[in-house]
Amino acid sequence: MLDLFSEEAPWQEPLAEGAVILRRRARDDADALLAAIHDIARQNPFAHRITPGGHRMSVAMTNCGDLGWSTDSRGYQYTEQDNASGHKWPPMPALFRTLAQQTAQEAGFSGFNPDACLINRYEPGAKLTLHQDKDEKDLRQPIVSVSLGLPAVFQFGGFERGDATQRVLLEHGDIVVWGGPSRLRYHGILPLKPGIHPAAGAFRFNLTFRRAH
């Protein structure tokens with residue numbers, strides 16, 4: 001396991017063509033990012049969404065930005081408002097947008113301007129099964145995924161669900177960016193192990209930036 005308290009500077013770790021981990025990249029902004037997450041959650045509380053198949057997701061979710069991603073009996077979709085409350089999603093903080101744009105640029109994707117940020121909260125045992133991010137209109141745009149709080153094992157696979165996967169540990173402040181030839185790779189998170197993080201408590205938070213429309 002990487003040393004949570006190491007002062008080592010951020011570095012890049014390639015995953016595949018078009019995919020890279022920016023280790024510790026969000027560490028310096030982490031406290032401000034977590035504060036913004038809590039503010040967004042006060043406006044639109046975390047909720048366990050129900051999949052089209054009727055299953056309750058183990059990950060709790062909220063969103064910010066012009067659009068938010070949700071799931072219900074009609075399927076997976078981006079909407080301008082939370083269908084559960086009828087309210088618009090909270091605006092995306094400037095810090096979020098700037099971090100997403102800068103790190104996309106560092107990973108080789110210039111001109112990224114996200115209009116949606118999915119915020120997932122993992123508690124021990126929560127997971128995200130292997131899936132593709134393919135509900136966005138322009139698949140030339142990358143995905144930027146920021147990890148905060150407890151460490152988690154990220155699975156990064158191929159273009160079929162049954163392909164072999166890499167398993168990499170993501171820690172507080174790590175950012176994964178993937179796009180181009182890796183944009184439709186399957187990925188997921190293994191069940192979160194219990195722990196207490198000094199900044200995030202018993203949770204892992206994940207910010208996932210997309211250009212949905």
# chains A, B, ... in the order shown; residues from 1 in each chain; ligands from 1
>>> residues_around(residues="A:Gln132", least_positions_apart="6", cutoff="7 Å", atoms="only C-alpha atoms", output="PyMOL selection string")
chain A and resi 184-187
>>> residues_around(residues="A:Glu13", least_positions_apart="2", cutoff="8 Å", atoms="only C-alpha atoms", output="ChimeraX atom specification")
/A:11,15,20-23
>>> closest_residue(among="A:His131, A:Arg121, A:His87, A:His172", to="A:Asn206", atoms="only C-alpha atoms")
A:Arg121
>>> closest_residue(among="A:His213, A:Leu150, A:Arg183, A:Glu17", to="A:Pro198", atoms="only C-alpha atoms")
A:Leu150
>>> closest_residue(among="A:Leu34, A:Lys127, A:Leu95, A:Ala16", to="A:Gly149", atoms="only C-alpha atoms")
A:Leu34
>>> select_by_dssp(residues="chain A", states="alpha helix (DSSP H)", output="list in words")
Ala30, Asp31, Ala32, Leu33, Leu34, Ala35, Ala36, Ile37, His38, Asp39, Ile40, Ala41, Arg42, Gln43, Ala94, Leu95, Phe96, Arg97, Thr98, Leu99, Ala100, Gln101, Gln102, Thr103, Ala104, Gln105 and Glu106 of chain A
>>> write_last_selection(atoms="N, CA and C atoms", output="compact mmCIF listing (two decimals), in the first residue's frame")
# COMPACT_ATOMS: atom_id res chain seq x y z
N ALA A 30 -7.40 18.48 -1.51
CA ALA A 30 -8.34 17.50 -0.97
C ALA A 30 -9.29 18.08 0.07
N ASP A 31 -8.79 18.86 0.99
CA ASP A 31 -9.67 19.40 2.03
C ASP A 31 -10.74 20.30 1.42
N ALA A 32 -10.34 21.14 0.47
CA ALA A 32 -11.32 22.01 -0.18
C ALA A 32 -12.32 21.21 -1.02
N LEU A 33 -11.84 20.15 -1.67
CA LEU A 33 -12.74 19.29 -2.44
C LEU A 33 -13.77 18.61 -1.54
N LEU A 34 -13.31 18.09 -0.40
CA LEU A 34 -14.23 17.44 0.54
C LEU A 34 -15.25 18.43 1.10
N ALA A 35 -14.80 19.63 1.41
CA ALA A 35 -15.74 20.65 1.91
C ALA A 35 -16.80 20.96 0.86
N ALA A 36 -16.39 21.03 -0.40
CA ALA A 36 -17.36 21.29 -1.48
C ALA A 36 -18.33 20.13 -1.64
N ILE A 37 -17.82 18.90 -1.51
CA ILE A 37 -18.70 17.73 -1.59
C ILE A 37 -19.78 17.80 -0.51
N HIS A 38 -19.38 18.14 0.72
CA HIS A 38 -20.36 18.20 1.81
C HIS A 38 -21.37 19.31 1.57
N ASP A 39 -20.93 20.42 0.97
CA ASP A 39 -21.86 21.50 0.65
C ASP A 39 -22.86 21.06 -0.42
N ILE A 40 -22.37 20.37 -1.44
CA ILE A 40 -23.27 19.86 -2.49
C ILE A 40 -24.27 18.87 -1.90
N ALA A 41 -23.79 18.01 -1.00
CA ALA A 41 -24.68 17.01 -0.40
C ALA A 41 -25.74 17.65 0.50
N ARG A 42 -25.45 18.81 1.05
CA ARG A 42 -26.49 19.52 1.81
C ARG A 42 -27.60 20.01 0.88
N GLN A 43 -27.23 20.34 -0.35
CA GLN A 43 -28.23 20.80 -1.32
C GLN A 43 -28.95 19.64 -1.98
N ALA A 94 -16.07 25.98 -9.02
CA ALA A 94 -14.96 26.35 -9.91
C ALA A 94 -13.74 25.47 -9.66
N LEU A 95 -13.49 25.11 -8.40
CA LEU A 95 -12.36 24.25 -8.08
C LEU A 95 -12.47 22.91 -8.78
N PHE A 96 -13.68 22.35 -8.82
CA PHE A 96 -13.88 21.07 -9.50
C PHE A 96 -13.52 21.19 -10.98
N ARG A 97 -14.11 22.20 -11.63
CA ARG A 97 -13.92 22.35 -13.07
C ARG A 97 -12.44 22.57 -13.41
N THR A 98 -11.79 23.44 -12.64
CA THR A 98 -10.39 23.73 -12.91
C THR A 98 -9.53 22.49 -12.76
N LEU A 99 -9.76 21.72 -11.70
CA LEU A 99 -8.99 20.49 -11.49
C LEU A 99 -9.22 19.51 -12.63
N ALA A 100 -10.45 19.34 -13.07
CA ALA A 100 -10.75 18.41 -14.16
C ALA A 100 -10.08 18.85 -15.45
N GLN A 101 -10.13 20.14 -15.75
CA GLN A 101 -9.54 20.64 -16.98
C GLN A 101 -8.01 20.52 -16.96
N GLN A 102 -7.42 20.87 -15.83
CA GLN A 102 -5.96 20.81 -15.74
C GLN A 102 -5.44 19.38 -15.85
N THR A 103 -6.10 18.46 -15.16
CA THR A 103 -5.60 17.09 -15.16
C THR A 103 -5.88 16.39 -16.48
N ALA A 104 -6.99 16.72 -17.14
CA ALA A 104 -7.22 16.18 -18.48
C ALA A 104 -6.10 16.64 -19.42
N GLN A 105 -5.73 17.92 -19.31
CA GLN A 105 -4.64 18.46 -20.13
C GLN A 105 -3.34 17.73 -19.84
N GLU A 106 -3.04 17.51 -18.56
CA GLU A 106 -1.82 16.82 -18.18
C GLU A 106 -1.78 15.39 -18.72
>>> atom_distance(atom1="atom CA of A:His197", atom2="atom CA of A:Leu148")
9.3 Å
